[in-house]
$ cat entry.cif   # mmCIF, C-alpha atoms
data_work
#
loop_
_atom_site.group_PDB
_atom_site.id
_atom_site.type_symbol
_atom_site.label_atom_id
_atom_site.label_comp_id
_atom_site.auth_asym_id
_atom_site.auth_seq_id
_atom_site.Cartn_x
_atom_site.Cartn_y
_atom_site.Cartn_z
ATOM 1 C CA MET A 513 1.212 20.754 -22.906
ATOM 2 C CA GLN A 514 2.357 19.926 -19.448
ATOM 3 C CA HIS A 515 5.506 21.570 -18.248
ATOM 4 C CA GLU A 516 7.175 22.174 -14.952
ATOM 5 C CA GLY A 517 5.261 25.336 -14.230
ATOM 6 C CA ALA A 518 2.078 23.267 -14.152
ATOM 7 C CA TRP A 519 3.016 22.014 -10.698
ATOM 8 C CA LEU A 520 2.203 25.382 -9.297
ATOM 9 C CA ASP A 521 -1.506 25.197 -10.074
ATOM 10 C CA GLY A 522 -4.214 24.083 -7.638
ATOM 11 C CA ASP A 523 -2.767 20.579 -7.505
ATOM 12 C CA ALA A 524 0.444 21.831 -6.020
ATOM 13 C CA GLY A 525 -0.788 21.150 -2.510
ATOM 14 C CA PRO A 526 -1.320 23.197 0.623
ATOM 15 C CA VAL A 527 0.379 26.511 1.042
ATOM 16 C CA VAL A 528 1.353 25.697 4.613
ATOM 17 C CA ARG A 529 5.004 24.784 4.610
ATOM 18 C CA PRO A 530 5.725 21.244 5.779
ATOM 19 C CA TYR A 531 7.795 22.264 8.775
ATOM 20 C CA ALA A 532 4.826 24.168 10.149
ATOM 21 C CA LEU A 533 3.130 20.792 10.609
ATOM 22 C CA THR A 534 6.056 19.148 12.334
ATOM 23 C CA GLY A 535 6.744 21.604 15.128
ATOM 24 C CA GLY A 536 9.703 22.930 13.200
ATOM 25 C CA LEU A 537 11.391 19.544 12.880
ATOM 26 C CA THR A 538 12.851 18.928 9.451
ATOM 27 C CA ARG A 539 13.928 15.332 9.698
ATOM 28 C CA PRO A 540 12.806 12.132 11.366
ATOM 29 C CA SER A 541 14.636 10.857 14.411
ATOM 30 C CA GLY A 542 15.991 7.419 15.123
ATOM 31 C CA GLN A 543 15.819 4.383 12.905
ATOM 32 C CA ARG A 544 14.906 5.146 9.321
ATOM 33 C CA LEU A 545 11.248 4.617 8.531
ATOM 34 C CA ASP A 546 10.049 2.829 5.433
ATOM 35 C CA LEU A 547 6.864 3.730 3.584
ATOM 36 C CA LEU A 548 5.545 0.221 4.214
ATOM 37 C CA ASP A 549 6.318 0.164 7.927
ATOM 38 C CA MET A 550 3.138 -0.557 9.856
ATOM 39 C CA VAL A 551 2.247 2.073 12.442
ATOM 40 C CA ARG A 552 0.055 1.226 15.399
ATOM 41 C CA ALA A 553 -1.169 3.499 18.154
ATOM 42 C CA VAL A 554 -0.330 2.329 21.651
ATOM 43 C CA HIS A 555 -2.842 4.549 23.401
ATOM 44 C CA THR A 556 -6.377 5.505 22.609
ATOM 45 C CA THR A 557 -6.974 9.051 21.524
ATOM 46 C CA GLY A 558 -9.535 9.483 24.291
ATOM 47 C CA ARG A 559 -6.844 10.606 26.647
ATOM 48 C CA ASN A 560 -5.593 14.122 26.721
ATOM 49 C CA LEU A 561 -2.291 13.386 25.100
ATOM 50 C CA PRO A 562 0.016 16.318 24.489
ATOM 51 C CA VAL A 563 0.174 15.858 20.755
ATOM 52 C CA SER A 564 -0.334 18.179 17.822
ATOM 53 C CA PRO A 565 -3.601 18.013 15.855
ATOM 54 C CA GLU A 566 -1.740 16.264 13.038
ATOM 55 C CA GLN A 567 -0.310 13.688 15.437
ATOM 56 C CA ALA A 568 -3.758 13.161 16.932
ATOM 57 C CA ASP A 569 -4.960 12.477 13.369
ATOM 58 C CA VAL A 570 -2.218 9.868 12.999
ATOM 59 C CA LEU A 571 -3.154 8.174 16.276
ATOM 60 C CA ARG A 572 -6.842 8.083 15.388
ATOM 61 C CA ARG A 573 -6.090 6.260 12.156
ATOM 62 C CA CYS A 574 -3.979 3.424 13.464
ATOM 63 C CA PRO A 575 -5.742 1.483 16.226
ATOM 64 C CA ILE A 576 -4.689 -1.447 14.039
ATOM 65 C CA PRO A 577 -1.391 -1.455 12.113
ATOM 66 C CA VAL A 578 -1.554 0.839 9.082
ATOM 67 C CA PRO A 579 1.234 1.297 6.515
ATOM 68 C CA LEU A 580 2.900 4.657 6.850
ATOM 69 C CA VAL A 581 2.207 5.494 3.221
ATOM 70 C CA GLU A 582 -1.532 4.936 3.729
ATOM 71 C CA LEU A 583 -1.478 7.343 6.659
ATOM 72 C CA ALA A 584 0.168 9.945 4.435
ATOM 73 C CA ALA A 585 -2.370 9.503 1.679
ATOM 74 C CA ASP A 586 -5.261 9.486 4.114
ATOM 75 C CA LEU A 587 -4.061 12.611 5.891
ATOM 76 C CA LYS A 588 -3.095 14.295 2.608
ATOM 77 C CA LEU A 589 0.335 15.046 3.994
ATOM 78 C CA PRO A 590 3.718 14.487 2.336
ATOM 79 C CA THR A 591 5.262 11.180 3.347
ATOM 80 C CA GLY A 592 8.294 13.049 4.686
ATOM 81 C CA VAL A 593 6.055 14.993 7.075
ATOM 82 C CA VAL A 594 4.323 11.827 8.258
ATOM 83 C CA LYS A 595 7.692 10.162 8.867
ATOM 84 C CA ILE A 596 8.596 13.023 11.199
ATOM 85 C CA LEU A 597 5.244 12.958 13.003
ATOM 86 C CA VAL A 598 5.442 9.178 13.432
ATOM 87 C CA SER A 599 9.075 9.116 14.538
ATOM 88 C CA ASN A 600 8.266 11.695 17.184
ATOM 89 C CA LEU A 601 5.288 9.638 18.388
ATOM 90 C CA ARG A 602 7.524 6.566 18.455
ATOM 91 C CA ASP A 603 10.130 8.379 20.547
ATOM 92 C CA ARG A 604 7.409 9.173 23.052
ATOM 93 C CA GLY A 605 6.114 5.618 23.170
ATOM 94 C CA LEU A 606 2.762 6.509 21.636
ATOM 95 C CA VAL A 607 3.063 4.295 18.571
ATOM 96 C CA THR A 608 4.880 1.096 17.755
ATOM 97 C CA ILE A 609 6.428 0.391 14.370
ATOM 98 C CA HIS A 610 6.248 -3.035 12.814
ATOM 99 C CA ARG A 611 8.461 -3.644 9.831
ATOM 100 C CA SER A 612 6.656 -5.643 7.197
ATOM 101 C CA LYS A 613 8.489 -8.570 5.679
ATOM 102 C CA SER A 614 9.617 -7.541 2.244
ATOM 103 C CA VAL A 615 9.442 -10.351 -0.271
ATOM 104 C CA GLY A 616 12.777 -10.504 -2.030
ATOM 105 C CA LEU A 617 13.665 -11.864 -5.422
ATOM 106 C CA SER A 618 14.954 -15.024 -3.814
ATOM 107 C CA ASP A 619 11.582 -15.989 -2.355
ATOM 108 C CA LEU A 620 10.580 -17.953 -5.427
ATOM 109 C CA LYS A 621 7.729 -19.784 -3.774
ATOM 110 C CA ILE A 622 6.093 -16.556 -2.703
ATOM 111 C CA LEU A 623 6.772 -14.909 -6.060
ATOM 112 C CA GLN A 624 4.957 -17.756 -7.765
ATOM 113 C CA GLU A 625 2.067 -17.215 -5.371
ATOM 114 C CA VAL A 626 2.080 -13.561 -6.392
ATOM 115 C CA VAL A 627 1.868 -14.544 -10.071
ATOM 116 C CA ASP A 628 -0.993 -16.937 -9.355
ATOM 117 C CA GLY A 629 -2.770 -14.385 -7.185
ATOM 118 C CA LEU A 630 -2.492 -11.637 -9.788
ATOM 119 C CA ARG A 631 -3.856 -13.955 -12.476
ATOM 120 C CA ARG A 632 -6.994 -14.438 -10.407
ATOM 121 C CA LEU A 633 -7.744 -10.722 -10.379
ATOM 122 C CA MET B 459 -5.702 -7.197 25.608
ATOM 123 C CA ALA B 460 -7.502 -4.143 26.843
ATOM 124 C CA TYR B 461 -7.678 -1.387 24.319
ATOM 125 C CA GLY B 462 -5.497 1.542 25.147
ATOM 126 C CA VAL B 463 -3.075 -0.341 27.358
ATOM 127 C CA TYR B 464 0.602 -0.399 26.487
ATOM 128 C CA ASP B 465 1.203 -3.249 24.083
ATOM 129 C CA PRO B 466 3.800 -5.526 25.718
ATOM 130 C CA HIS B 467 4.071 -7.827 22.716
ATOM 131 C CA PRO B 468 4.422 -5.626 19.649
ATOM 132 C CA ALA B 469 6.177 -8.424 17.782
ATOM 133 C CA ALA B 470 3.021 -10.497 18.031
ATOM 134 C CA VAL B 471 1.170 -8.130 15.721
ATOM 135 C CA ALA B 472 0.678 -9.883 12.411
ATOM 136 C CA THR B 473 2.213 -7.913 9.612
ATOM 137 C CA PRO B 474 1.752 -9.178 6.085
ATOM 138 C CA ALA B 475 4.614 -9.979 3.761
ATOM 139 C CA THR B 476 4.785 -7.197 1.228
ATOM 140 C CA VAL B 477 5.737 -7.070 -2.419
ATOM 141 C CA LYS B 478 6.652 -3.709 -3.860
ATOM 142 C CA ILE B 479 6.144 -2.988 -7.541
ATOM 143 C CA LEU B 480 7.205 0.337 -9.022
ATOM 144 C CA ILE B 481 5.365 2.087 -11.832
ATOM 145 C CA ALA B 482 7.571 4.553 -13.668
ATOM 146 C CA GLY B 483 7.409 6.629 -16.812
ATOM 147 C CA GLY B 484 7.139 10.182 -17.986
ATOM 148 C CA PHE B 485 4.394 12.636 -17.142
ATOM 149 C CA GLY B 486 1.116 11.606 -18.718
ATOM 150 C CA ALA B 487 2.204 8.086 -19.623
ATOM 151 C CA GLY B 488 -0.655 6.608 -17.595
ATOM 152 C CA LYS B 489 0.893 5.732 -14.233
ATOM 153 C CA THR B 490 -2.068 6.987 -12.226
ATOM 154 C CA THR B 491 -4.474 5.218 -14.569
ATOM 155 C CA LEU B 492 -2.668 1.893 -14.289
ATOM 156 C CA VAL B 493 -2.472 2.014 -10.507
ATOM 157 C CA GLY B 494 -6.148 2.974 -10.349
ATOM 158 C CA SER B 495 -7.361 0.250 -12.687
ATOM 159 C CA VAL B 496 -5.775 -2.606 -10.763
ATOM 160 C CA SER B 497 -5.723 -1.397 -7.148
ATOM 161 C CA GLU B 498 -8.352 -2.717 -4.761
ATOM 162 C CA ILE B 499 -8.454 0.627 -3.029
ATOM 163 C CA ARG B 500 -9.115 4.013 -4.489
ATOM 164 C CA PRO B 501 -5.695 5.008 -5.736
ATOM 165 C CA LEU B 502 -4.067 7.103 -3.100
ATOM 166 C CA ARG B 503 -1.899 10.033 -3.823
ATOM 167 C CA THR B 504 0.727 11.471 -1.577
ATOM 168 C CA GLU B 505 3.154 14.215 -2.208
ATOM 169 C CA GLU B 506 6.828 14.303 -1.630
ATOM 170 C CA THR B 507 8.482 17.577 -0.891
ATOM 171 C CA LEU B 508 11.163 18.368 -3.358
ATOM 172 C CA SER B 509 13.855 20.907 -2.956
ATOM 173 C CA ASP B 510 16.521 22.092 -5.331
ATOM 174 C CA ARG B 511 18.919 19.862 -3.470
ATOM 175 C CA SER B 512 17.120 16.759 -4.642
ATOM 176 C CA GLU B 513 20.253 14.677 -4.469
ATOM 177 C CA LEU B 514 19.752 14.517 -0.722
ATOM 178 C CA VAL B 515 18.607 11.164 0.508
ATOM 179 C CA ASP B 516 15.531 11.988 2.478
ATOM 180 C CA SER B 517 12.927 13.917 0.626
ATOM 181 C CA LEU B 518 12.116 16.247 3.467
ATOM 182 C CA TYR B 519 15.663 17.263 4.148
ATOM 183 C CA GLY B 520 15.798 20.762 2.860
ATOM 184 C CA VAL B 521 12.239 21.872 3.517
ATOM 185 C CA GLU B 522 13.677 24.773 5.408
ATOM 186 C CA GLN B 523 14.749 26.186 2.091
ATOM 187 C CA LYS B 524 12.553 28.484 0.087
ATOM 188 C CA SER B 525 12.455 26.721 -3.224
ATOM 189 C CA THR B 526 10.493 23.600 -2.560
ATOM 190 C CA THR B 527 7.851 22.079 -4.718
ATOM 191 C CA THR B 528 6.052 18.768 -4.617
ATOM 192 C CA VAL B 529 5.867 15.685 -6.744
ATOM 193 C CA ALA B 530 2.936 13.312 -6.656
ATOM 194 C CA MET B 531 3.251 9.658 -5.834
ATOM 195 C CA ASP B 532 0.427 7.283 -6.640
ATOM 196 C CA PHE B 533 -0.096 4.334 -4.418
ATOM 197 C CA GLY B 534 -2.255 1.232 -4.755
ATOM 198 C CA ARG B 535 -2.764 -2.117 -3.061
ATOM 199 C CA ILE B 536 -3.609 -5.652 -4.145
ATOM 200 C CA THR B 537 -4.229 -8.205 -1.407
ATOM 201 C CA ILE B 538 -3.177 -11.654 -2.603
ATOM 202 C CA ARG B 539 -3.862 -13.251 0.780
ATOM 203 C CA ASP B 540 -4.293 -11.907 4.290
ATOM 204 C CA ASP B 541 -0.576 -12.324 4.792
ATOM 205 C CA LEU B 542 0.642 -11.346 1.326
ATOM 206 C CA VAL B 543 0.032 -7.893 -0.105
ATOM 207 C CA VAL B 544 1.294 -6.220 -3.281
ATOM 208 C CA TYR B 545 1.865 -2.473 -3.155
ATOM 209 C CA LEU B 546 2.164 -0.339 -6.254
ATOM 210 C CA PHE B 547 4.088 2.912 -6.256
ATOM 211 C CA GLY B 548 3.889 5.241 -9.218
ATOM 212 C CA THR B 549 6.047 8.303 -9.581
ATOM 213 C CA PRO B 550 7.830 10.147 -12.378
ATOM 214 C CA GLY B 551 11.051 8.714 -13.716
ATOM 215 C CA GLN B 552 12.941 11.910 -14.409
ATOM 216 C CA ARG B 553 16.439 12.076 -13.087
ATOM 217 C CA ARG B 554 15.609 14.786 -10.564
ATOM 218 C CA PHE B 555 13.221 12.366 -8.828
ATOM 219 C CA TRP B 556 15.750 9.602 -8.458
ATOM 220 C CA PHE B 557 16.160 10.341 -4.774
ATOM 221 C CA MET B 558 12.581 9.109 -4.378
ATOM 222 C CA TRP B 559 13.322 5.975 -6.351
ATOM 223 C CA ASP B 560 16.213 5.210 -4.045
ATOM 224 C CA ASP B 561 13.748 5.152 -1.185
ATOM 225 C CA LEU B 562 11.038 3.299 -3.070
ATOM 226 C CA SER B 563 13.092 0.697 -4.863
ATOM 227 C CA TYR B 564 14.625 -0.859 -1.779
ATOM 228 C CA GLY B 565 13.443 -4.462 -1.735
ATOM 229 C CA ALA B 566 11.241 -3.983 -4.785
ATOM 230 C CA LEU B 567 10.243 -6.980 -6.883
ATOM 231 C CA GLY B 568 10.624 -4.915 -10.005
ATOM 232 C CA ALA B 569 9.306 -2.073 -12.082
ATOM 233 C CA VAL B 570 6.949 -1.314 -14.917
ATOM 234 C CA VAL B 571 8.119 1.444 -17.243
ATOM 235 C CA LEU B 572 5.035 2.860 -18.895
ATOM 236 C CA ALA B 573 5.710 4.229 -22.342
ATOM 237 C CA ASP B 574 3.703 6.580 -24.494
ATOM 238 C CA GLU B 575 4.859 5.750 -27.997
ATOM 239 C CA ARG B 576 4.472 9.368 -29.080
ATOM 240 C CA ARG B 577 7.086 10.308 -26.484
ATOM 241 C CA LEU B 578 9.303 7.297 -26.143
ATOM 242 C CA ALA B 579 12.270 9.371 -25.022
ATOM 243 C CA ASP B 580 10.423 10.083 -21.744
ATOM 244 C CA CYS B 581 11.207 6.481 -20.753
ATOM 245 C CA PHE B 582 14.948 6.785 -20.992
ATOM 246 C CA PRO B 583 15.612 8.076 -17.462
ATOM 247 C CA SER B 584 13.461 5.319 -15.904
ATOM 248 C CA ILE B 585 15.123 2.595 -17.972
ATOM 249 C CA ASP B 586 18.503 4.044 -17.134
ATOM 250 C CA TYR B 587 17.721 3.968 -13.435
ATOM 251 C CA PHE B 588 16.492 0.377 -13.318
ATOM 252 C CA GLU B 589 19.352 -0.904 -15.487
ATOM 253 C CA ARG B 590 21.915 0.800 -13.278
ATOM 254 C CA ASN B 591 20.366 -0.561 -10.100
ATOM 255 C CA LYS B 592 19.765 -4.041 -11.521
ATOM 256 C CA ILE B 593 16.065 -3.922 -10.805
ATOM 257 C CA PRO B 594 13.984 -6.225 -13.045
ATOM 258 C CA PHE B 595 11.672 -4.225 -15.274
ATOM 259 C CA VAL B 596 9.298 -4.530 -18.199
ATOM 260 C CA VAL B 597 8.247 -1.842 -20.652
ATOM 261 C CA ALA B 598 4.499 -1.510 -21.135
ATOM 262 C CA VAL B 599 3.464 0.591 -24.121
ATOM 263 C CA ASN B 600 0.252 2.268 -23.093
ATOM 264 C CA SER B 601 -1.736 2.337 -26.300
ATOM 265 C CA PHE B 602 -3.583 5.577 -26.633
ATOM 266 C CA ASP B 603 -6.191 5.530 -29.357
ATOM 267 C CA ASP B 604 -4.566 8.123 -31.546
ATOM 268 C CA ALA B 605 -1.031 6.866 -31.190
ATOM 269 C CA GLN B 606 0.900 5.447 -34.083
ATOM 270 C CA HIS B 607 1.415 1.771 -33.666
ATOM 271 C CA HIS B 608 5.060 0.982 -34.091
ATOM 272 C CA SER B 609 5.964 -2.652 -33.858
ATOM 273 C CA LEU B 610 7.209 -3.759 -30.484
ATOM 274 C CA GLU B 611 10.499 -4.734 -32.154
ATOM 275 C CA THR B 612 10.909 -1.163 -33.377
ATOM 276 C CA ILE B 613 10.188 0.165 -29.911
ATOM 277 C CA THR B 614 12.661 -2.278 -28.348
ATOM 278 C CA GLN B 615 15.322 -0.991 -30.722
ATOM 279 C CA ALA B 616 14.399 2.641 -30.209
ATOM 280 C CA LEU B 617 14.787 2.181 -26.457
ATOM 281 C CA SER B 618 18.097 0.309 -26.903
ATOM 282 C CA LEU B 619 16.764 -2.548 -24.832
ATOM 283 C CA SER B 620 18.286 -5.961 -24.734
ATOM 284 C CA GLY B 621 15.959 -8.546 -26.228
ATOM 285 C CA ARG B 622 15.443 -10.031 -22.792
ATOM 286 C CA VAL B 623 13.469 -7.106 -21.426
ATOM 287 C CA PRO B 624 9.784 -7.835 -22.062
ATOM 288 C CA VAL B 625 8.089 -5.113 -24.110
ATOM 289 C CA ILE B 626 4.331 -5.444 -24.199
ATOM 290 C CA ARG B 627 1.349 -3.388 -25.191
ATOM 291 C CA CYS B 628 -1.301 -2.473 -22.624
ATOM 292 C CA ASP B 629 -4.355 -0.359 -22.071
ATOM 293 C CA ALA B 630 -3.819 1.041 -18.592
ATOM 294 C CA ARG B 631 -7.527 1.857 -18.295
ATOM 295 C CA ARG B 632 -8.427 -1.836 -18.365
ATOM 296 C CA ARG B 633 -7.975 -3.864 -15.235
ATOM 297 C CA GLU B 634 -7.194 -7.133 -17.046
ATOM 298 C CA SER B 635 -4.608 -5.409 -19.194
ATOM 299 C CA SER B 636 -2.892 -3.787 -16.213
ATOM 300 C CA ARG B 637 -3.003 -7.097 -14.368
ATOM 301 C CA ASP B 638 -1.291 -8.818 -17.316
ATOM 302 C CA VAL B 639 1.497 -6.253 -17.169
ATOM 303 C CA LEU B 640 2.101 -7.060 -13.498
ATOM 304 C CA VAL B 641 2.016 -10.817 -14.196
ATOM 305 C CA THR B 642 4.581 -10.342 -16.982
ATOM 306 C CA LEU B 643 6.837 -8.454 -14.599
ATOM 307 C CA ALA B 644 6.583 -11.060 -11.836
ATOM 308 C CA GLN B 645 7.326 -13.865 -14.314
ATOM 309 C CA HIS B 646 10.265 -11.909 -15.701
ATOM 310 C CA ALA B 647 11.673 -11.455 -12.191
ATOM 311 C CA ILE B 648 11.367 -15.189 -11.571
ATOM 312 C CA ALA B 649 13.050 -15.976 -14.900
ATOM 313 C CA LEU B 650 15.952 -13.652 -14.109
ATOM 314 C CA HIS B 651 16.376 -15.345 -10.773
ATOM 315 C CA HIS B 652 16.586 -18.756 -12.434
ATOM 316 C CA GLU B 653 19.165 -17.444 -14.896
ATOM 317 C CA ALA B 654 21.287 -16.032 -12.121
ATOM 318 C CA GLN B 655 21.198 -19.262 -10.171
ATOM 319 C CA PRO B 656 21.132 -22.195 -12.607
ATOM 320 C CA ALA B 657 20.040 -25.382 -10.959
#
$ encode --input "entry.cif" --output "structure tokens"
Amino acid sequence: MQHEGAWLDGDAGPVVRPYALTGGLTRPSGQRLDLLDMVRAVHTTGRNLPVSPEQADVLRRCPIPVPLVELAADLKLPTGVVKILVSNLRDRGLVTIHRSKSVGLSDLKILQEVVDGLRRL
Amino acid sequence: MAYGVYDPHPAAVATPATVKILIAGGFGAGKTTLVGSVSEIRPLRTEETLSDRSELVDSLYGVEQKSTTTVAMDFGRITIRDDLVVYLFGTPGQRRFWFMWDDLSYGALGAVVLADERRLADCFPSIDYFERNKIPFVVAVNSFDDAQHHSLETITQALSLSGRVPVIRCDARRRESSRDVLVTLAQHAIALHHEAQPA
């Protein structure tokens, strides 16, 4: 039977505390980031940029726009940690953030296209 | 544009329109399985940091405290067209995770509440959340082989649902079945929209 204590097994994640990966920062700066915001590196990683290894990992993975949540999954880091890493890179002009257009409930034409597209799966 | 040069036209980058669908339910109801069966990518899993002060808005606020633990979030993707992508987010529905839902549900098309009919009560917090926040949802009863098969009417009553909330049976392991759940949700969202704005 699964219970709350089960979180503390091997699946509980790395033992390094999140703030150790963010240079001690505990919250993102600036405009709030969404999990589906697209992150794109402005510079190549070939340069000697003064970034942490984790930030270098972020930059390597987004030569084209990548959703923030995919970066988190790919890097096996909590989304909150990736938000901090990305917001810091944004502040330094090393990445740009592109907000994806969220399809709302009023976009009936697009919703119908979603229904049709799902049916084709 | 030369690679590695500052991008002077960031707005010109094509970003797809995105549709967010939430997959909720109790532990073990099949959220990971459903996301995995229908996602075009290997289902991704991230972890949110969770502190005792989980009422705080951002999930990382509070990591400086000692008592943090993590909660998994499953994530999948379905590309409808190059410029239209559906994202699936699965995470537990318990009240203590609602701070995550607040983040995830913004702009969401709707939600699937996965139910295990042996533990129907596990659905209550998820249903409660989506009703309160007026987010369209459907209940999908994930039919495990050894489960008793109550009628869907009985389940609707047991969950105190209005008759307008679709309650369907699914097998989250099967792609077509999971797809049908998502189609039902999208159609339900469209129907609710029509009701709210009669022609």
$ interface_residues --input "entry.cif" --of "chain A" --to "chain B" --cutoff "6 Å" --atoms "all atoms listed in the file" --output "list in words"
Val554, His555, Thr556, Ala585, Pro590, Gly592, Ser612, Lys613, Ser614, Val615, Val627 and Gly629 of chain A
$ residues_around --input "entry.cif" --residues "segment 578-584 of chain B" --least-positions-apart "6" --cutoff "12 Å" --atoms "all atoms listed in the file" --output "MDAnalysis selection string"
chainID B and resid 480:487 548:556 559 563 569:572 590:591 593:600 605:606 608 612:619
$ axis_aligned_box --input "entry.cif" --around "segment 533-539 of chain A" --padding-each-side "4 Å" --output "lines of an AutoDock Vina configuration file"
center_x = 8.5
center_y = 19.1
center_z = 12.3
size_x = 18.8
size_y = 15.6
size_z = 13.7
$ closest_residue --input "entry.cif" --among "A:Leu561, A:Leu537, A:Leu617, A:Leu623" --to "Lys592 of chain B" --atoms "only C-alpha atoms"
A:Leu617
$ atom_distance --input "entry.cif" --atom1 "atom CA of Met550 of chain A" --atom2 "atom CA of Asp619 of chain A"
21.4 Å
$ atom_distance --input "entry.cif" --atom1 "atom CA of Leu633 of chain A" --atom2 "atom CA of Ser497 of chain B"
10.1 Å
$ atom_distance --input "entry.cif" --atom1 "atom CA of Leu620 of chain A" --atom2 "atom CA of Arg632 of chain A"
18.6 Å
$ closest_residue --input "entry.cif" --among "B:Arg577, B:His607, B:Arg631, B:Arg622" --to "Gly488 of chain B" --atoms "all atoms listed in the file"
B:Arg631
$ closest_residue --input "entry.cif" --among "A:Leu587, A:Val626, A:Leu606, A:Val598" --to "Pro562 of chain A" --atoms "only C-alpha atoms"
A:Leu606
$ residues_near_point --input "entry.cif" --point "(11.0, -2.9, 13.1)" --cutoff "9 Å" --atoms "all atoms listed in the file" --output "number ranges by chain"
A: 543, 545, 549-550, 608-612; B: 469
$ residues_around --input "entry.cif" --residues "segment 573-581 of chain A" --least-positions-apart "5" --cutoff "6 Å" --atoms "all atoms listed in the file" --output "number ranges by chain"
A: 547-553
$ write_last_selection --input "entry.cif" --atoms "C-alpha atoms" --output "PDB file, in the frame of the given file"
ATOM      1  CA  LEU A 547       6.864   3.730   3.584  1.00  0.00           C
ATOM      2  CA  LEU A 548       5.545   0.221   4.214  1.00  0.00           C
ATOM      3  CA  ASP A 549       6.318   0.164   7.927  1.00  0.00           C
ATOM      4  CA  MET A 550       3.138  -0.557   9.856  1.00  0.00           C
ATOM      5  CA  VAL A 551       2.247   2.073  12.442  1.00  0.00           C
ATOM      6  CA  ARG A 552       0.055   1.226  15.399  1.00  0.00           C
ATOM      7  CA  ALA A 553      -1.169   3.499  18.154  1.00  0.00           C
TER       8      ALA A 553
END
$ build_atoms --input "entry.cif" --residues "segment 527-542 of chain B" --atoms "N, CA and C atoms" --output "PDB file, in the frame of the given file"
ATOM      1  N   THR B 527       9.083  22.345  -4.012  1.00  0.00           N
ATOM      2  CA  THR B 527       7.851  22.079  -4.718  1.00  0.00           C
ATOM      3  C   THR B 527       7.509  20.634  -4.401  1.00  0.00           C
ATOM      4  N   THR B 528       6.450  20.126  -4.975  1.00  0.00           N
ATOM      5  CA  THR B 528       6.052  18.768  -4.617  1.00  0.00           C
ATOM      6  C   THR B 528       5.938  17.919  -5.860  1.00  0.00           C
ATOM      7  N   VAL B 529       6.064  16.625  -5.656  1.00  0.00           N
ATOM      8  CA  VAL B 529       5.867  15.685  -6.744  1.00  0.00           C
ATOM      9  C   VAL B 529       4.904  14.611  -6.246  1.00  0.00           C
ATOM     10  N   ALA B 530       3.962  14.262  -7.076  1.00  0.00           N
ATOM     11  CA  ALA B 530       2.936  13.312  -6.656  1.00  0.00           C
ATOM     12  C   ALA B 530       3.454  11.884  -6.718  1.00  0.00           C
ATOM     13  N   MET B 531       2.964  11.073  -5.804  1.00  0.00           N
ATOM     14  CA  MET B 531       3.251   9.658  -5.834  1.00  0.00           C
ATOM     15  C   MET B 531       1.926   8.902  -5.722  1.00  0.00           C
ATOM     16  N   ASP B 532       1.650   8.078  -6.682  1.00  0.00           N
ATOM     17  CA  ASP B 532       0.427   7.283  -6.640  1.00  0.00           C
ATOM     18  C   ASP B 532       0.717   5.967  -5.943  1.00  0.00           C
ATOM     19  N   PHE B 533      -0.300   5.478  -5.284  1.00  0.00           N
ATOM     20  CA  PHE B 533      -0.096   4.334  -4.418  1.00  0.00           C
ATOM     21  C   PHE B 533      -1.330   3.454  -4.478  1.00  0.00           C
ATOM     22  N   GLY B 534      -1.127   2.155  -4.694  1.00  0.00           N
ATOM     23  CA  GLY B 534      -2.255   1.232  -4.755  1.00  0.00           C
ATOM     24  C   GLY B 534      -1.928  -0.069  -4.056  1.00  0.00           C
ATOM     25  N   ARG B 535      -2.942  -0.884  -3.850  1.00  0.00           N
ATOM     26  CA  ARG B 535      -2.764  -2.117  -3.061  1.00  0.00           C
ATOM     27  C   ARG B 535      -3.544  -3.262  -3.686  1.00  0.00           C
ATOM     28  N   ILE B 536      -2.930  -4.438  -3.698  1.00  0.00           N
ATOM     29  CA  ILE B 536      -3.609  -5.652  -4.145  1.00  0.00           C
ATOM     30  C   ILE B 536      -3.353  -6.715  -3.086  1.00  0.00           C
ATOM     31  N   THR B 537      -4.405  -7.174  -2.426  1.00  0.00           N
ATOM     32  CA  THR B 537      -4.229  -8.205  -1.407  1.00  0.00           C
ATOM     33  C   THR B 537      -4.316  -9.570  -2.070  1.00  0.00           C
ATOM     34  N   ILE B 538      -3.193 -10.298  -2.044  1.00  0.00           N
ATOM     35  CA  ILE B 538      -3.177 -11.654  -2.603  1.00  0.00           C
ATOM     36  C   ILE B 538      -3.787 -12.606  -1.587  1.00  0.00           C
ATOM     37  N   ARG B 539      -3.311 -12.513  -0.359  1.00  0.00           N
ATOM     38  CA  ARG B 539      -3.862 -13.251   0.780  1.00  0.00           C
ATOM     39  C   ARG B 539      -3.781 -12.317   1.972  1.00  0.00           C
ATOM     40  N   ASP B 540      -4.363 -12.741   3.090  1.00  0.00           N
ATOM     41  CA  ASP B 540      -4.293 -11.907   4.290  1.00  0.00           C
ATOM     42  C   ASP B 540      -2.853 -11.575   4.651  1.00  0.00           C
ATOM     43  N   ASP B 541      -1.957 -12.515   4.368  1.00  0.00           N
ATOM     44  CA  ASP B 541      -0.576 -12.324   4.792  1.00  0.00           C
ATOM     45  C   ASP B 541       0.369 -12.052   3.629  1.00  0.00           C
ATOM     46  N   LEU B 542      -0.196 -11.640   2.496  1.00  0.00           N
ATOM     47  CA  LEU B 542       0.642 -11.346   1.326  1.00  0.00           C
ATOM     48  C   LEU B 542      -0.015 -10.230   0.510  1.00  0.00           C
TER      49      LEU B 542
END
